[in-house]
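Asks: Dropping in final-v2.cif, with mmCIF, C-alpha atoms and all ligand atoms.
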```
data_query
loop_
_atom_site.label_atom_id
_atom_site.label_comp_id
_atom_site.auth_asym_id
_atom_site.auth_seq_id
_atom_site.Cartn_x
_atom_site.Cartn_y
_atom_site.Cartn_z
CA VAL A 120 -13.99 18.96 0.80
CA LEU A 121 -16.28 18.65 -2.19
CA CYS A 122 -14.18 21.19 -4.13
CA TRP A 123 -11.04 19.21 -3.46
CA PHE A 124 -12.74 16.15 -4.72
CA TYR A 125 -13.68 17.83 -7.99
CA ILE A 126 -10.21 19.25 -8.53
CA PHE A 127 -8.40 16.00 -7.67
CA PRO A 128 -10.86 13.19 -8.28
CA VAL A 129 -9.60 10.19 -6.36
CA TYR A 130 -8.93 7.21 -8.59
CA ARG A 131 -10.26 4.17 -6.84
CA LEU A 132 -9.70 0.66 -8.05
CA PRO A 133 -12.66 -1.61 -7.36
CA ARG A 134 -12.05 -4.06 -4.52
CA ASP A 135 -10.84 -7.53 -5.53
CA LYS A 136 -14.20 -8.94 -4.46
CA ASP A 137 -16.06 -6.52 -6.75
CA ILE A 138 -13.83 -7.40 -9.67
CA VAL A 139 -14.42 -11.12 -9.13
CA GLU A 140 -18.17 -10.50 -8.93
CA GLU A 141 -18.10 -8.48 -12.13
CA VAL A 142 -16.27 -11.30 -13.92
CA LEU A 143 -18.85 -13.77 -12.67
CA ARG A 144 -21.66 -11.55 -13.91
CA GLN A 145 -20.13 -11.20 -17.34
CA GLY A 146 -19.16 -14.88 -17.55
CA GLU A 147 -16.77 -16.09 -20.17
CA ALA A 148 -19.11 -15.36 -23.06
CA TRP A 149 -17.01 -13.72 -25.71
CA GLN A 150 -17.68 -12.18 -29.06
CA LYS A 151 -14.77 -11.26 -31.29
CA ASN A 152 -14.85 -7.63 -32.41
CA GLN A 153 -12.68 -7.08 -35.48
CA THR A 154 -13.06 -3.30 -35.33
CA GLY A 155 -11.80 -3.33 -31.73
CA ILE A 156 -8.85 -5.53 -32.68
CA ASP A 157 -7.90 -3.29 -35.62
CA HIS A 158 -8.30 -0.18 -33.49
CA TYR A 159 -6.04 -1.49 -30.73
CA ARG A 160 -3.41 -2.66 -33.20
CA LYS A 161 -3.43 0.83 -34.68
CA LEU A 162 -3.07 2.46 -31.25
CA LEU A 163 -0.19 0.18 -30.33
CA THR A 164 1.49 0.70 -33.68
CA GLU A 165 1.27 4.47 -33.28
CA CYS A 166 2.73 4.48 -29.78
CA CYS A 167 5.18 1.63 -29.79
CA GLU A 168 5.78 0.14 -33.25
CA PRO A 169 5.87 -3.44 -31.94
CA ARG A 170 6.69 -5.02 -35.30
CA LYS A 171 9.83 -3.03 -35.80
CA MET A 172 10.79 -2.26 -32.22
CA PHE A 173 9.97 -5.10 -29.83
CA ALA A 174 13.46 -6.61 -29.97
CA VAL A 175 16.88 -5.04 -30.32
CA THR A 176 17.88 -5.72 -33.93
CA LYS A 177 20.82 -4.74 -36.13
CA GLU A 178 18.30 -2.72 -38.10
CA ASN A 179 16.86 -0.61 -35.25
CA SER A 180 20.09 -0.52 -33.20
CA PRO A 181 23.11 -0.03 -35.47
CA MET A 182 26.66 0.50 -34.21
CA GLY A 183 26.89 3.67 -32.18
CA LYS A 184 23.21 3.71 -31.25
CA VAL A 185 22.65 4.65 -27.62
CA LEU A 186 20.32 2.28 -25.80
CA TRP A 187 18.71 4.09 -22.85
CA TYR A 188 17.76 1.68 -20.07
CA ASP A 189 14.02 1.80 -19.38
CA GLY A 190 14.25 0.66 -15.77
CA GLU A 191 17.05 2.99 -14.64
CA PHE A 192 17.34 6.70 -14.28
CA TYR A 193 19.77 8.00 -16.90
CA HIS A 194 21.79 4.96 -17.75
CA SER A 195 22.73 3.89 -21.27
CA ARG A 196 24.91 1.56 -23.29
CA THR A 197 26.20 2.34 -26.74
CA VAL A 198 26.03 -0.45 -29.30
CA ASN A 199 29.60 -1.51 -30.12
CA ASN A 200 31.66 -4.44 -31.45
CA GLU A 201 30.84 -6.41 -28.33
CA THR A 202 27.07 -6.22 -28.49
CA TYR A 203 26.18 -5.60 -32.15
CA PRO A 204 27.02 -9.15 -33.35
CA LEU A 205 24.61 -10.55 -30.72
CA PHE A 206 21.57 -8.87 -32.25
CA VAL A 207 19.32 -10.51 -34.88
CA GLN A 208 19.27 -8.71 -38.22
CA GLU A 209 15.59 -7.72 -38.10
CA ASN A 210 12.28 -8.87 -36.65
CA PRO A 211 12.51 -12.64 -37.28
CA LEU A 212 8.78 -13.38 -36.92
CA GLN A 213 6.59 -14.26 -39.91
CA LEU A 214 3.90 -11.60 -39.59
CA PRO A 215 1.06 -11.35 -38.99
CA LEU A 216 0.85 -14.19 -36.49
CA LYS A 217 -2.61 -15.77 -36.56
CA LYS A 218 -3.95 -17.14 -33.27
CA CYS A 219 -1.76 -16.28 -30.29
CA ALA A 220 -1.96 -17.58 -26.74
CA VAL A 221 -0.35 -15.47 -24.03
CA VAL A 222 0.12 -17.60 -20.95
CA GLY A 223 0.48 -15.81 -17.61
CA ASN A 224 1.59 -17.78 -14.60
CA GLY A 225 -1.51 -17.37 -12.42
CA GLY A 226 -2.66 -20.20 -10.13
CA ILE A 227 -5.99 -20.11 -11.92
CA LEU A 228 -4.41 -22.36 -14.56
CA ARG A 229 -4.20 -25.19 -12.06
CA ASN A 230 -6.77 -27.87 -12.94
CA SER A 231 -7.98 -25.65 -15.79
CA LYS A 232 -7.38 -28.33 -18.44
CA CYS A 233 -6.44 -25.50 -20.83
CA GLY A 234 -3.30 -27.23 -22.13
CA ARG A 235 -4.94 -28.47 -25.32
CA ASN A 236 -6.44 -25.07 -26.13
CA ILE A 237 -3.11 -23.37 -25.54
CA ASP A 238 -1.29 -25.84 -27.76
CA GLN A 239 -3.81 -25.25 -30.54
CA ALA A 240 -2.65 -21.65 -30.93
CA ASP A 241 -0.29 -20.79 -33.78
CA PHE A 242 2.02 -18.86 -31.49
CA VAL A 243 2.38 -19.41 -27.73
CA LEU A 244 4.03 -16.79 -25.52
CA ARG A 245 5.02 -17.59 -21.93
CA CYS A 246 6.45 -15.61 -19.03
CA ASN A 247 9.59 -16.05 -16.96
CA LEU A 248 10.76 -19.56 -17.92
CA PRO A 249 7.79 -21.32 -16.32
CA PRO A 250 7.84 -25.04 -15.51
CA LEU A 251 6.28 -27.23 -18.20
CA SER A 252 6.82 -30.59 -16.56
CA LYS A 253 4.47 -33.56 -16.88
CA ASP A 254 2.41 -32.51 -13.85
CA TYR A 255 1.33 -29.29 -15.55
CA VAL A 256 0.99 -30.27 -19.19
CA GLU A 257 -2.75 -30.87 -19.08
CA ASP A 258 -3.29 -27.36 -17.68
CA VAL A 259 -0.67 -25.26 -19.47
CA GLY A 260 0.26 -27.22 -22.59
CA THR A 261 3.65 -28.03 -24.04
CA LYS A 262 4.23 -25.66 -26.95
CA THR A 263 6.25 -22.46 -26.66
CA HIS A 264 7.23 -20.04 -29.41
CA MET A 265 8.44 -17.22 -27.22
CA VAL A 266 9.36 -17.19 -23.55
CA THR A 267 10.59 -14.29 -21.47
CA ALA A 268 13.48 -14.67 -19.06
CA ASN A 269 14.21 -12.11 -16.42
CA PRO A 270 17.95 -11.71 -15.69
CA SER A 271 17.11 -12.15 -12.00
CA ILE A 272 16.05 -15.74 -12.76
CA VAL A 273 19.45 -16.39 -14.32
CA GLU A 274 21.02 -14.95 -11.20
CA LYS A 275 18.93 -16.88 -8.67
CA ARG A 276 18.36 -20.20 -10.41
CA PHE A 277 21.62 -20.57 -12.32
CA GLN A 278 24.25 -18.84 -10.13
CA ASN A 279 24.34 -15.99 -12.63
CA LEU A 280 25.93 -18.43 -15.10
CA LEU A 281 29.31 -17.78 -13.53
CA TRP A 282 29.84 -21.48 -12.86
CA SER A 283 28.37 -24.33 -14.86
CA ARG A 284 26.08 -23.50 -17.77
CA LYS A 285 24.81 -27.03 -18.21
CA ALA A 286 21.84 -26.76 -15.85
CA PHE A 287 20.70 -23.63 -17.69
CA VAL A 288 21.13 -25.06 -21.17
CA ASP A 289 19.42 -28.32 -20.17
CA SER A 290 16.47 -26.61 -18.57
CA MET A 291 15.93 -24.54 -21.72
CA LYS A 292 15.30 -27.67 -23.80
CA VAL A 293 11.67 -27.78 -22.67
CA TYR A 294 11.07 -24.60 -24.72
CA GLY A 295 12.07 -26.37 -27.95
CA SER A 296 13.21 -23.98 -30.64
CA SER A 297 11.49 -20.89 -29.36
CA TYR A 298 12.66 -17.33 -28.93
CA ILE A 299 13.88 -16.35 -25.52
CA TYR A 300 13.09 -12.71 -24.86
CA MET A 301 15.32 -11.03 -22.25
CA PRO A 302 15.23 -7.43 -21.03
CA ALA A 303 19.01 -7.13 -21.19
CA PHE A 304 19.00 -3.33 -21.33
CA SER A 305 16.38 -2.48 -18.71
CA MET A 306 18.34 -2.54 -15.44
CA LYS A 307 22.09 -2.18 -15.09
CA PRO A 308 22.68 -5.46 -13.22
CA GLY A 309 20.67 -7.39 -15.82
CA THR A 310 22.95 -6.82 -18.79
CA ASP A 311 25.85 -9.16 -18.01
CA PRO A 312 23.69 -12.16 -17.04
CA SER A 313 21.69 -11.66 -20.25
CA LEU A 314 24.82 -11.60 -22.39
CA ARG A 315 26.08 -14.69 -20.58
CA ALA A 316 22.74 -16.42 -21.28
CA TYR A 317 23.20 -15.52 -24.95
CA TYR A 318 26.64 -17.13 -25.03
CA ALA A 319 25.56 -20.17 -23.01
CA LEU A 320 22.97 -20.91 -25.71
CA ALA A 321 25.09 -19.93 -28.70
CA ASP A 322 28.14 -21.91 -27.55
CA THR A 323 26.11 -25.08 -27.16
CA SER A 324 24.34 -24.69 -30.52
CA SER A 325 21.03 -24.54 -28.69
CA ASN A 326 17.81 -24.47 -30.71
CA LEU A 327 16.69 -21.33 -28.92
CA THR A 328 17.18 -17.89 -30.38
CA MET A 329 17.93 -15.02 -28.04
CA LEU A 330 16.05 -11.78 -28.58
CA PHE A 331 16.89 -8.83 -26.36
CA ALA A 332 13.87 -6.72 -25.46
CA ASN A 333 14.25 -3.23 -26.86
CA PRO A 334 14.20 -0.73 -23.94
CA GLU A 335 12.62 1.90 -26.20
CA PHE A 336 9.71 -0.45 -26.84
CA LEU A 337 9.34 -1.36 -23.16
CA ARG A 338 9.33 2.32 -22.21
CA SER A 339 6.72 3.25 -24.81
CA VAL A 340 4.45 0.36 -23.79
CA GLY A 341 4.81 1.48 -20.15
CA LYS A 342 3.70 4.99 -21.13
CA PHE A 343 0.81 3.63 -23.18
CA TRP A 344 -0.64 1.84 -20.14
CA LYS A 345 0.15 4.67 -17.76
CA GLY A 346 -2.07 6.83 -19.96
CA ARG A 347 -4.80 4.24 -19.40
CA GLY A 348 -4.60 4.20 -15.64
CA VAL A 349 -2.05 1.49 -14.82
CA HIS A 350 -0.06 3.09 -12.01
CA ALA A 351 2.72 0.57 -11.46
CA LYS A 352 6.42 1.22 -11.05
CA ARG A 353 6.81 -1.32 -13.78
CA LEU A 354 4.32 -3.26 -15.88
CA SER A 355 4.13 -6.97 -15.30
CA THR A 356 5.78 -9.22 -17.85
CA GLY A 357 2.36 -10.55 -18.81
CA LEU A 358 1.03 -7.13 -19.79
CA PHE A 359 4.12 -6.47 -21.93
CA LEU A 360 3.49 -9.75 -23.74
CA VAL A 361 -0.23 -9.09 -24.21
CA SER A 362 0.63 -5.68 -25.67
CA LEU A 363 3.14 -7.29 -28.00
CA ALA A 364 0.63 -9.95 -29.04
CA LEU A 365 -2.08 -7.34 -29.72
CA GLY A 366 0.37 -5.65 -32.06
CA LEU A 367 1.54 -8.80 -33.86
CA CYS A 368 -1.36 -11.27 -33.84
CA GLU A 369 -4.71 -11.48 -35.56
CA GLU A 370 -6.37 -12.97 -32.48
CA VAL A 371 -5.16 -13.07 -28.86
CA THR A 372 -6.29 -15.32 -26.02
CA ALA A 373 -4.83 -14.78 -22.55
CA TYR A 374 -4.58 -17.57 -19.98
CA GLY A 375 -3.37 -17.50 -16.39
CA PHE A 376 -4.11 -13.84 -15.65
CA TRP A 377 -5.81 -13.77 -12.26
CA PRO A 378 -4.07 -11.77 -9.52
CA PHE A 379 -6.67 -12.58 -6.86
CA SER A 380 -6.51 -15.00 -3.99
CA VAL A 381 -9.97 -16.46 -4.55
CA GLY A 382 -11.33 -18.02 -7.70
CA LEU A 383 -14.72 -17.75 -9.35
CA ASP A 384 -15.85 -20.69 -7.23
CA GLU A 385 -14.75 -18.76 -4.10
CA GLN A 386 -12.02 -21.31 -3.46
CA PRO A 387 -8.48 -20.12 -2.68
CA VAL A 388 -6.17 -19.73 -5.67
CA SER A 389 -2.37 -19.77 -5.41
CA HIS A 390 -0.41 -16.91 -6.96
CA HIS A 391 1.32 -19.12 -9.53
CA TYR A 392 0.23 -22.44 -11.01
CA TYR A 393 3.43 -23.96 -9.63
CA ASP A 394 3.87 -22.15 -6.26
CA ASN A 395 2.37 -19.50 -4.01
CA ILE A 396 5.27 -17.05 -3.75
CA LEU A 397 3.73 -13.59 -3.79
CA PRO A 398 5.28 -10.67 -5.67
CA TYR A 399 6.85 -7.66 -4.00
CA LYS A 400 3.77 -5.69 -3.07
CA TRP A 401 4.12 -2.29 -4.67
CA PHE A 402 6.17 -3.18 -7.72
CA HIS A 403 3.45 -4.30 -10.11
CA ALA A 404 -0.21 -3.33 -10.13
CA MET A 405 -1.66 -6.60 -11.35
CA PRO A 406 -5.29 -5.99 -10.28
CA GLU A 407 -5.21 -2.66 -12.16
CA GLU A 408 -3.80 -4.47 -15.15
CA PHE A 409 -6.48 -7.11 -14.87
CA VAL A 410 -9.21 -4.47 -15.01
CA GLN A 411 -7.73 -3.20 -18.27
CA LEU A 412 -7.49 -6.69 -19.73
CA TRP A 413 -11.06 -7.42 -18.69
CA GLN A 414 -12.24 -4.29 -20.51
CA LEU A 415 -10.52 -5.60 -23.63
CA HIS A 416 -12.21 -8.95 -23.10
CA LYS A 417 -15.61 -7.29 -22.78
CA SER A 418 -15.06 -5.27 -25.93
CA GLY A 419 -14.07 -8.38 -27.92
CA THR A 420 -10.50 -7.18 -28.51
CA LEU A 421 -8.85 -10.12 -26.77
CA ARG A 422 -10.17 -13.18 -25.06
CA MET A 423 -9.43 -13.90 -21.40
CA ARG A 424 -9.71 -17.44 -20.14
CA VAL A 425 -10.38 -17.33 -16.41
CA GLY A 426 -12.12 -20.64 -15.91
CA CYS A 427 -11.73 -24.20 -17.08
CA CYS A 428 -11.40 -25.02 -20.75
CA PRO A 429 -13.97 -27.27 -22.40
O1 LIG B 501 7.62 -11.46 -12.70
P1 LIG B 501 6.18 -11.14 -12.85
O2 LIG B 501 5.56 -10.83 -11.54
O3 LIG B 501 5.90 -10.11 -13.88
O4 LIG B 501 5.46 -12.45 -13.46
P2 LIG B 501 5.08 -13.93 -12.97
O5 LIG B 501 4.68 -13.98 -11.55
O6 LIG B 501 6.12 -14.86 -13.45
O7 LIG B 501 3.77 -14.17 -13.86
C1 LIG B 501 3.75 -13.90 -15.23
C2 LIG B 501 2.63 -12.95 -15.57
O8 LIG B 501 1.37 -13.57 -15.32
C3 LIG B 501 2.62 -11.69 -14.70
O9 LIG B 501 3.51 -10.75 -15.22
C4 LIG B 501 1.16 -11.27 -14.73
O10 LIG B 501 0.90 -10.50 -15.87
C5 LIG B 501 0.43 -12.61 -14.83
N1 LIG B 501 -0.08 -13.09 -13.53
C6 LIG B 501 -1.41 -12.80 -13.17
O11 LIG B 501 -2.11 -12.10 -13.88
N2 LIG B 501 -1.91 -13.30 -11.99
C7 LIG B 501 -1.15 -14.03 -11.17
N3 LIG B 501 -1.68 -14.51 -10.05
C8 LIG B 501 0.20 -14.31 -11.51
C9 LIG B 501 0.70 -13.82 -12.70
#
```
Please go through the file and, once you have read it, give me the structure as structure tokens.
Replies:
Amino acid sequence: VLCWFYIFPVYRLPRDKDIVEEVLRQGEAWQKNQTGIDHYRKLLTECCEPRKMFAVTKENSPMGKVLWYDGEFYHSRTVNNETYPLFVQENPLQLPLKKCAVVGNGGILRNSKCGRNIDQADFVLRCNLPPLSKDYVEDVGTKTHMVTANPSIVEKRFQNLLWSRKAFVDSMKVYGSSYIYMPAFSMKPGTDPSLRAYYALADTSSNLTMLFANPEFLRSVGKFWKGRGVHAKRLSTGLFLVSLALGLCEEVTAYGFWPFSVGLDEQPVSHHYYDNILPYKWFHAMPEEFVQLWQLHKSGTLRMRVGCCP
């Protein structure tokens, strides 16, 4: 038995309770480590070229380029007259971004009073078109510079945009003039709703700019984390955004990342700050991701906010 163990060491994630205890021990004390930040940016640049590759652009995806879907086995779409005009010319962001806030949707944000801190960032990234209504402003802020939208949200919340587009266009107004980042070329069924979302915004002269996530970038980021022990079928949206921010920003603070059902005060925490709908169990590996993010917090590479803001 011992031999087997040495040949195939069993990877064991600490129990949720142990992770929570470790966070409590460490506290939120944080010391920025410029060497760590530079090192991680270099690693991410080498693997994934976030600056050039995070979105599908006319520059990185010219006519005839084959886009291989990152969430499907052997499925592709060739850039043609239909899709090429929908792409931005090149990375539209003014780089480097200074202070970035990546806002996950964890219930830990509830009553956190982190809204002001989040809004003080130079660039705010949010996940999955989260609600920003009055009830939440104090905890999650109001500003958004980039927000992801999963095609499945378009399907479920907006009847796939096959009927009226008004509800969709109206509900996007809360994100001001930000970029909406959609994985249009990740899963086959996601492409049409994403293209429809593009047209719904373009046809109504919306202030939002659509950026399609580049499947090559998503795949390389997935591999990067797999090599570091994140064994999920697919990374969570939040980890994609943190990876992007580490590549583009001088300083990154992450809020709302807490995939545990109890908080630091041992009180129950809902899954999201706006509901308690749990994710499909084996799809993401959020606790594994959290362990990675916490390592980065401890090494001063990014800052995690897991408690209330001053
Ligand atoms: O669709 P997905 O499950 O990726 O995301 P979500 O539930 O809309 O939440 C956005 C992101 O916040 C996730 O991708 C996670 O990275 C993070 N999150 C977390 O760390 N802890 C939670 N309890 C909920 C979300």
Asks: Taking all atoms listed in the file into account, name the residue in A:Thr154, A:Gln386, A:Gln278, A:Gln411 that is nearest to Gly346 in chain A.
Replies: A:Gln411
Asks: A:Ala220, A:Val142, A:Leu383, A:Ala351: which is nearest His264 in chain A, counting only C-alpha atoms?
Replies: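 Distance minimum relative to His264 in chain A lands on A:Ala220.
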Asks: Counting only C-alpha atoms and all ligand atoms, which residues of chain A fall within 6 Å of ligand LIG 501 (chain B), and what is the closest atom pair for each with its distance in Å at one decimal, ordered by chain and rising number, as a Markdown table?
Replies:
```
| residue | atom | partner | partner_atom | distance |
| --- | --- | --- | --- | --- |
| A:Gly223 | CA | B:LIG501 | O8 | 3.3 |
| A:Asn224 | CA | B:LIG501 | O8 | 4.3 |
| A:Gly225 | CA | B:LIG501 | C7 | 3.6 |
| A:Gly226 | CA | B:LIG501 | N3 | 5.8 |
| A:Cys246 | CA | B:LIG501 | C1 | 5.0 |
| A:Asn247 | CA | B:LIG501 | O6 | 5.1 |
| A:Ser355 | CA | B:LIG501 | O9 | 3.8 |
| A:Thr356 | CA | B:LIG501 | O9 | 3.8 |
| A:Gly357 | CA | B:LIG501 | O10 | 3.3 |
| A:Leu358 | CA | B:LIG501 | O10 | 5.2 |
| A:Phe376 | CA | B:LIG501 | O11 | 3.2 |
| A:Trp377 | CA | B:LIG501 | N2 | 3.9 |
| A:Pro378 | CA | B:LIG501 | N2 | 3.6 |
| A:His390 | CA | B:LIG501 | N3 | 4.1 |
| A:His391 | CA | B:LIG501 | C8 | 5.3 |
| A:Pro398 | CA | B:LIG501 | O2 | 5.9 |
```
Asks: Under the rule that all atoms listed in the file are counted, which of A:Lys417, A:Pro215, A:Glu408, A:Ser231 is the nearest residue to Arg144 in chain A?
Replies: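 The answer is A:Lys417, which sits nearest to Arg144 in chain A.
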Asks: Counting all atoms listed in the file, which residues of range 278-345 of chain A sit at most 10 Å from some atom of range 155-163 of chain A, and what is each one's closest atom pair with its distance in Å to one decimal, listed by chain and rising residue number, as a Markdown table?
Replies:
```
| residue | atom | partner | partner_atom | distance |
| --- | --- | --- | --- | --- |
| A:Ser339 | CA | A:Leu163 | CA | 9.4 |
| A:Val340 | CA | A:Leu163 | CA | 8.0 |
| A:Phe343 | CA | A:Leu163 | CA | 8.0 |
```
Asks: Would you output that residue set with C-alpha atoms, as a PDB file, in the frame of the given file?
Replies:
```pdb
ATOM      1  CA  SER A 339       6.720   3.250 -24.810  1.00  0.00           C
ATOM      2  CA  VAL A 340       4.450   0.360 -23.790  1.00  0.00           C
ATOM      3  CA  PHE A 343       0.810   3.630 -23.180  1.00  0.00           C
TER       4      PHE A 343
END
```
Asks: Rounded to one decimal, what separation in Å do you get between CA of Asp189 in chain A and CA of Ala332 in chain A?
Replies: 10.5 Å
Asks: Select all residues near (17.3, -8.1, -20.0) (cut-off 6 Å, inclusive, file coordinates), counting all atoms listed in the file, and output them as a list in words.
Replies: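 Returned residue set, sorted by chain then number, is Pro270, Met301, Pro302, Ala303, Phe304, Ser305, Gly309, Thr310 and Ser313 of chain A.
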Asks: Using all atoms listed in the file, find the one residue out of A:Phe409, A:Tyr300, A:Trp187, A:Phe331 that sits nearest to Leu360 in chain A.
Replies: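 Using all atoms listed in the file, the shortest distance to Leu360 in chain A belongs to A:Tyr300.
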Asks: Set the distance at 9 Å and use all atoms listed in the file: which residues neighbour Lys292 in chain A once local chain neighbours fewer than 6 positions away are removed? I'd like the list as a list in words.
Replies: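 Close residues of Lys292 in chain A: Ser325, Asn326 and Leu327 of chain A.
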Asks: Any idea what the distance is between CA of Ile272 in chain A and CA of Val293 in chain A?
Replies: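 Going from CA of Ile272 in chain A over to CA of Val293 in chain A covers 16.2 Å.
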Asks: Between CA of Tyr188 in chain A and CA of Pro334 in chain A, what is the spacing in Å?
Replies: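 So the two atoms, CA of Pro334 in chain A and CA of Tyr188 in chain A, lie 5.8 Å apart.
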Asks: Using all atoms listed in the file, find all polymer residues with an atom at most 9 Å away from the point (-6.1, -6.5, -8.4); report them as a ChimeraX atom specification.
Replies: /A:132-135,138,377-379,404-410
Asks: As a PyMOL selection string, please: the residues near Arg315 in chain A (cut-off 10 Å, all atoms listed in the file, same-chain neighbours under 3 positions excluded).
Replies: chain A and resi 270+273+279-281+284+310-312+318-321
Asks: Go through A:Val259, A:Leu228, A:Val185, A:Met265 and flag the residue nearest Ala364 in chain A, using all atoms listed in the file for the distances.
Replies: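 Checking each of A:Val259, A:Leu228, A:Val185, A:Met265 against Ala364 in chain A, counting all atoms listed in the file, the winner is A:Met265.
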Asks: For Tyr298 in chain A, which residue out of A:Asp241, A:Ala174, A:Gln150, A:Cys233 is the nearest one, using all atoms listed in the file?
Replies: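 For Tyr298 in chain A, the nearest of the given residues is A:Ala174.
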Asks: Put the listed atoms of range 180-189 of chain A in a box along x, y and z with 5 Å added on every side and give me the centre and edge lengths in Å to one decimal, as JSON.
Replies:
```
{"center_x": 20.5, "center_y": 2.1, "center_z": -27.4, "size_x": 22.9, "size_y": 15.2, "size_z": 26.1}
```
Asks: Which polymer residues have any atom within 6 Å of an atom of Ile237 in chain A, counting only C-alpha atoms, with same-chain residues fewer than 3 positions away left out, as a ChimeraX atom specification?
Replies: /A:234,240,260
